[in-house]
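Printed here is structure-v4.txt (compact mmCIF, C-alpha atoms):
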```
# COMPACT_ATOMS: atom_id res chain seq x y z
CA MET A 1 -9.50 8.84 8.51
CA ALA A 2 -12.92 8.78 10.12
CA SER A 3 -11.31 7.64 13.38
CA HIS A 4 -8.32 9.97 13.07
CA PRO A 5 -9.45 13.11 11.21
CA GLU A 6 -6.11 14.78 11.83
CA GLY A 7 -4.11 11.82 10.59
CA CYS A 8 -1.65 11.53 7.74
CA VAL A 9 -1.93 9.58 4.48
CA LEU A 10 1.11 8.46 2.48
CA HIS A 11 0.06 7.48 -1.03
CA LEU A 12 3.20 5.75 -2.32
CA GLY A 13 3.73 5.34 -6.05
CA CYS A 14 0.58 7.38 -6.64
CA GLY A 15 0.91 7.55 -10.42
CA LEU A 16 -2.14 9.32 -11.85
CA ASP A 17 -4.52 7.84 -9.27
CA THR A 18 -7.31 10.24 -8.30
CA ARG A 19 -7.84 8.70 -4.85
CA VAL A 20 -7.50 11.96 -2.93
CA PHE A 21 -10.23 13.58 -5.03
CA ARG A 22 -12.54 10.56 -4.88
CA ILE A 23 -12.23 10.10 -1.11
CA ASP A 24 -12.26 13.84 -0.47
CA PRO A 25 -10.75 13.67 3.03
CA SER A 26 -11.30 16.28 5.71
CA PRO A 27 -9.10 19.39 5.36
CA SER A 28 -7.46 18.40 8.65
CA VAL A 29 -5.95 15.28 7.02
CA ARG A 30 -2.40 15.70 5.71
CA TRP A 31 -2.14 13.81 2.43
CA PHE A 32 1.10 13.14 0.53
CA ASP A 33 1.20 11.80 -3.03
CA VAL A 34 4.68 10.38 -3.66
CA ASP A 35 6.14 9.38 -7.01
CA TYR A 36 9.00 10.04 -9.44
CA PRO A 37 9.50 13.70 -10.45
CA GLU A 38 8.25 13.15 -14.00
CA VAL A 39 5.05 11.57 -12.68
CA ILE A 40 4.45 14.42 -10.23
CA ALA A 41 5.07 16.94 -13.02
CA LEU A 42 2.39 15.25 -15.10
CA ARG A 43 -0.04 15.25 -12.15
CA GLN A 44 0.50 18.98 -11.77
CA ARG A 45 -0.43 19.48 -15.44
CA LEU A 46 -3.54 17.29 -15.30
CA TYR A 47 -5.03 17.82 -11.84
CA PRO A 48 -5.86 20.93 -9.83
CA ALA A 49 -4.04 21.68 -6.60
CA ARG A 50 -5.90 20.48 -3.51
CA PHE A 51 -5.67 21.95 -0.03
CA GLY A 52 -4.02 19.53 2.39
CA CYS A 53 -2.51 17.40 -0.37
CA GLU A 54 1.21 17.77 -1.01
CA LEU A 55 2.95 16.33 -4.05
CA VAL A 56 6.35 14.79 -3.31
CA SER A 57 8.77 14.30 -6.21
CA SER A 58 10.95 11.39 -5.20
CA SER A 59 11.60 7.72 -5.53
CA VAL A 60 9.79 6.08 -2.61
CA VAL A 61 12.97 4.21 -1.63
CA ASP A 62 14.90 7.46 -1.08
CA PRO A 63 14.41 8.05 2.67
CA ALA A 64 14.97 11.81 2.39
CA TRP A 65 11.37 12.50 1.33
CA LEU A 66 10.04 11.30 4.70
CA GLU A 67 11.57 14.34 6.39
CA ARG A 68 8.89 16.44 4.69
CA VAL A 69 6.10 14.54 6.43
CA PRO A 70 4.96 15.50 9.97
CA ALA A 71 5.70 12.69 12.41
CA ASP A 72 3.29 13.69 15.18
CA ARG A 73 0.14 11.95 13.97
CA PRO A 74 -1.08 8.44 13.03
CA VAL A 75 -0.46 7.41 9.44
CA LEU A 76 -2.23 5.40 6.77
CA VAL A 77 0.12 4.09 4.09
CA VAL A 78 -1.37 3.05 0.75
CA ALA A 79 0.88 1.41 -1.84
CA GLU A 80 -0.99 0.08 -4.85
CA GLY A 81 0.92 -1.63 -7.66
CA LEU A 82 4.26 -0.81 -6.03
CA VAL A 83 5.90 -3.30 -3.68
CA MET A 84 6.20 -6.12 -6.22
CA TYR A 85 8.55 -3.91 -8.24
CA LEU A 86 10.86 -3.32 -5.27
CA ARG A 87 13.52 -5.64 -3.95
CA LYS A 88 13.12 -7.24 -0.54
CA ASP A 89 15.81 -5.08 1.08
CA GLU A 90 14.22 -1.92 -0.36
CA VAL A 91 10.84 -2.87 1.09
CA GLN A 92 12.42 -3.58 4.46
CA ARG A 93 14.18 -0.21 4.58
CA LEU A 94 11.06 1.68 3.42
CA PHE A 95 8.64 0.01 5.82
CA SER A 96 11.10 0.21 8.73
CA ALA A 97 11.65 3.93 8.14
CA ILE A 98 7.89 4.55 8.17
CA VAL A 99 7.11 2.59 11.34
CA GLU A 100 10.03 4.23 13.16
CA ARG A 101 8.94 7.71 12.18
CA PHE A 102 5.25 7.56 13.12
CA PRO A 103 3.64 6.74 16.48
CA ALA A 104 1.09 4.32 15.05
CA GLY A 105 -0.72 3.52 11.84
CA GLU A 106 -1.75 1.06 9.19
CA MET A 107 -0.40 -0.12 5.84
CA ALA A 108 -2.49 -1.39 2.94
CA PHE A 109 -0.91 -2.71 -0.24
CA ASP A 110 -1.32 -5.36 -2.90
CA ALA A 111 1.19 -8.15 -3.38
CA PHE A 112 1.81 -11.23 -5.50
CA SER A 113 2.84 -14.69 -4.38
CA ARG A 114 5.99 -16.20 -5.84
CA LEU A 115 3.86 -17.96 -8.44
CA GLY A 116 2.01 -14.70 -9.06
CA VAL A 117 5.26 -12.83 -9.76
CA TRP A 118 6.34 -15.59 -12.14
CA PHE A 119 2.99 -15.47 -13.94
CA VAL A 120 2.60 -11.69 -14.17
CA GLN A 121 6.20 -11.16 -15.28
CA ARG A 122 5.46 -13.31 -18.33
CA GLN A 123 2.40 -11.37 -19.44
CA PRO A 124 2.99 -9.50 -22.74
CA SER A 125 1.51 -6.29 -21.31
CA VAL A 126 4.12 -6.29 -18.52
CA GLN A 127 7.00 -7.39 -20.72
CA ALA A 128 6.20 -4.54 -23.13
CA THR A 129 6.96 -2.00 -20.38
CA GLY A 130 10.37 -3.49 -19.59
CA ALA A 131 9.43 -3.60 -15.90
CA THR A 132 10.79 -6.33 -13.63
CA LEU A 133 8.92 -7.74 -10.66
CA HIS A 134 11.02 -8.72 -7.64
CA TRP A 135 9.30 -9.08 -4.26
CA SER A 136 6.75 -11.79 -3.57
CA ILE A 137 4.78 -12.74 -0.45
CA ASP A 138 3.58 -16.31 0.04
CA ASP A 139 2.94 -15.99 3.78
CA PRO A 140 1.62 -12.59 4.99
CA HIS A 141 3.43 -13.17 8.30
CA ASP A 142 6.73 -12.94 6.41
CA VAL A 143 6.24 -9.15 6.54
CA GLU A 144 6.08 -9.31 10.35
CA ARG A 145 9.44 -11.08 10.35
CA LEU A 146 10.82 -8.50 7.95
CA VAL A 147 9.58 -5.53 10.01
CA PRO A 148 8.69 -6.76 13.54
CA ARG A 149 6.51 -3.76 14.49
CA LEU A 150 4.09 -4.54 11.69
CA LYS A 151 1.27 -6.90 12.67
CA PHE A 152 -0.81 -8.69 10.07
CA VAL A 153 -4.52 -7.70 10.13
CA ALA A 154 -6.21 -9.15 7.06
CA GLU A 155 -5.92 -10.23 3.46
CA VAL A 156 -8.49 -9.74 0.73
CA PRO A 157 -8.49 -11.59 -2.62
CA ALA A 158 -7.88 -9.42 -5.65
CA TYR A 159 -11.25 -10.49 -7.01
CA ASP A 160 -14.57 -10.16 -5.21
CA ARG A 161 -17.53 -12.41 -6.02
CA SER A 162 -19.89 -9.45 -5.62
CA TYR A 163 -18.86 -7.96 -8.96
CA LEU A 164 -18.43 -11.12 -11.06
CA ASP A 165 -21.36 -10.06 -13.23
CA ARG A 166 -19.19 -7.34 -14.70
CA PHE A 167 -17.03 -9.97 -16.44
CA SER A 168 -17.62 -12.11 -19.50
CA PHE A 169 -18.66 -15.74 -18.99
CA PRO A 170 -15.09 -17.06 -19.50
CA GLY A 171 -13.85 -14.37 -17.11
CA ARG A 172 -16.39 -15.36 -14.46
CA MET A 173 -15.42 -19.03 -14.74
CA SER A 174 -11.72 -18.20 -14.48
CA ILE A 175 -12.22 -16.01 -11.40
CA LYS A 176 -14.43 -18.61 -9.69
CA ALA A 177 -11.71 -21.21 -10.26
CA MET A 178 -9.08 -18.87 -8.83
CA LEU A 179 -11.16 -18.14 -5.73
CA ALA A 180 -11.80 -21.85 -5.15
CA ILE A 181 -8.13 -22.92 -5.22
CA PRO A 182 -5.98 -21.43 -2.42
CA THR A 183 -2.77 -21.36 -4.48
CA LEU A 184 -4.49 -19.43 -7.26
CA ARG A 185 -6.47 -17.24 -4.85
CA ARG A 186 -3.17 -15.99 -3.40
CA LEU A 187 -1.60 -15.13 -6.75
CA GLY A 188 -2.59 -11.54 -6.03
CA ARG A 189 -4.24 -10.09 -2.95
CA PHE A 190 -4.51 -7.01 -0.80
CA LEU A 191 -2.74 -7.11 2.56
CA ARG A 192 -3.27 -4.96 5.62
CA TYR A 193 -0.97 -4.40 8.59
CA ARG A 194 -1.02 -2.31 11.74
CA PHE A 195 1.66 -0.95 14.03
CA GLN A 196 1.30 0.56 17.49
CA GLU A 197 3.55 2.84 19.47
CA SER A 198 6.83 1.19 20.39
CA THR A 199 6.93 -0.59 23.75
CA ARG A 200 10.18 1.19 24.49
CA GLY A 201 8.18 4.04 26.03
CA PRO A 202 6.63 7.27 24.70
CA GLY A 203 7.40 7.78 21.04
CA ARG A 204 9.37 10.68 19.73
CA CYS A 205 6.06 12.42 19.05
CA GLY A 206 4.91 12.27 22.68
CA MET A 207 1.55 10.80 21.63
CA GLN A 208 -0.47 8.37 23.68
CA LYS A 209 -0.94 4.87 22.34
CA LEU A 210 -3.72 4.91 19.77
CA ASN A 211 -6.58 2.47 19.74
CA LEU A 212 -6.51 0.86 16.32
CA GLU A 213 -7.90 -2.49 17.39
CA GLN A 214 -10.96 -2.30 15.16
CA PRO A 215 -10.10 -2.28 11.42
CA GLN A 216 -11.48 0.77 9.64
CA GLU A 217 -12.55 0.90 6.04
```
Can you give me the file's structure in the form of structure tokens?
Amino acid sequence: MASHPEGCVLHLGCGLDTRVFRIDPSPSVRWFDVDYPEVIALRQRLYPARFGCELVSSSVVDPAWLERVPADRPVLVVAEGLVMYLRKDEVQRLFSAIVERFPAGEMAFDAFSRLGVWFVQRQPSVQATGATLHWSIDDPHDVERLVPRLKFVAEVPAYDRSYLDRFSFPGRMSIKAMLAIPTLRRLGRFLRYRFQESTRGPGRCGMQKLNLEQPQE
């Protein structure tokens, strides 16, 4: 957003996350919080309206909601705690629709490995909700094969050594073990992808190719 102050943010499966208030983007940024109608209704009861932020009542896998989003600017897509609950074909349709609509942008989301899905699905706290996890990512480059315009940028472990002191001693030991063993380190992680304007020529938006070579925070 610092590089593209007139960009667009898609916050998919926003829940009750207060990200838009915490980040406090420039008024020129178009921000869209997307979630089920009952979730959006609850957000409207709990949070004040914010200029530049539009609430979208829809399942993220229903492509109709994208028509409400301007397609003439770069986009940042944030999907936290979402994609593991979707099926592979739903993720492919959603991501493909986004990269075809916008001239360029980035995606940031968390994901579990196959072992991570197996492990998390068996946690009592997850089982109590009745939720089912579906999509797993062992190799981040699998997403590039699923949606060819997306290019892998980086992965970040779910746990960061810099805040280990916040955990109990057993928690610190468990996290250190996870970070030391690649299979465990990839149980859950944050993934980041980028897409540029299609090589087929000028995009539908008539925008020049954007320079997104340097990752932005």
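Among the candidates A:Arg73, A:His134, A:His11, A:Arg93, the one nearest to Glu54 (chain A) when counting all atoms listed in the file is A:His11.
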Tell me which protein, DNA and RNA residues are within 10 Å of Thr183 (chain A), counting only C-alpha atoms, leaving out same-chain ones fewer than 6 positions away, and put them as a ChimeraX atom specification.
-> /A:113,115-116,138
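Distances to Tyr159 (chain A) were evaluated for A:Phe195, A:Phe190, A:Phe112, A:Phe51 using only C-alpha atoms, and the minimum falls at A:Phe190.
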As an mmCIF file with C-alpha atoms, keeping the file's coordinate frame, please: the residues near Val9 (chain A) (cut-off 8 Å, all atoms listed in the file, same-chain neighbours under 3 positions excluded).
```cif
data_model
loop_
_atom_site.group_PDB
_atom_site.id
_atom_site.type_symbol
_atom_site.label_atom_id
_atom_site.label_comp_id
_atom_site.auth_asym_id
_atom_site.auth_seq_id
_atom_site.Cartn_x
_atom_site.Cartn_y
_atom_site.Cartn_z
ATOM 1 C CA VAL A 29 -5.950 15.280 7.020
ATOM 2 C CA ARG A 30 -2.400 15.700 5.710
ATOM 3 C CA TRP A 31 -2.140 13.810 2.430
ATOM 4 C CA PHE A 32 1.100 13.140 0.530
ATOM 5 C CA VAL A 75 -0.460 7.410 9.440
ATOM 6 C CA LEU A 76 -2.230 5.400 6.770
ATOM 7 C CA VAL A 77 0.120 4.090 4.090
ATOM 8 C CA VAL A 78 -1.370 3.050 0.750
#
```
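Across A:Glu197, A:Glu144, A:Asp139, A:Glu155, the tightest approach to Phe109 (chain A) is made by A:Glu155 when counting all atoms listed in the file.
In this structure, CA of Pro103 (chain A) sits 7.1 Å away from CA of Asp72 (chain A).
Across the structure, CA of Leu164 (chain A) and CA of Met178 (chain A) are spaced 12.3 Å apart.
Checking A:Asp24, A:Glu38, A:Asp110, A:Glu90 one by one against Pro140 (chain A), counting all atoms listed in the file, you find the shortest gap at A:Asp110.
Put simply, CA of Ala104 (chain A) is 26.4 Å away from CA of Ala158 (chain A).
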Nearest to Thr18 (chain A) among A:Arg43, A:Arg172, A:Arg122, A:Arg101, with distances taken over only C-alpha atoms: which residue is it?
-> A:Arg43
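Nearest-residue note for Gln92 (chain A): choosing from A:Val69, A:Ala79, A:Leu42, A:Val143, the minimum distance belongs to A:Val143, counting all atoms listed in the file.
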Would you list the contacts of Ser136 (chain A) as a count of residues only, taking every protein, DNA or RNA residue within 12 Å and counting all atoms listed in the file, but skipping same-chain residues closer than 3 positions in sequence?
-> 29
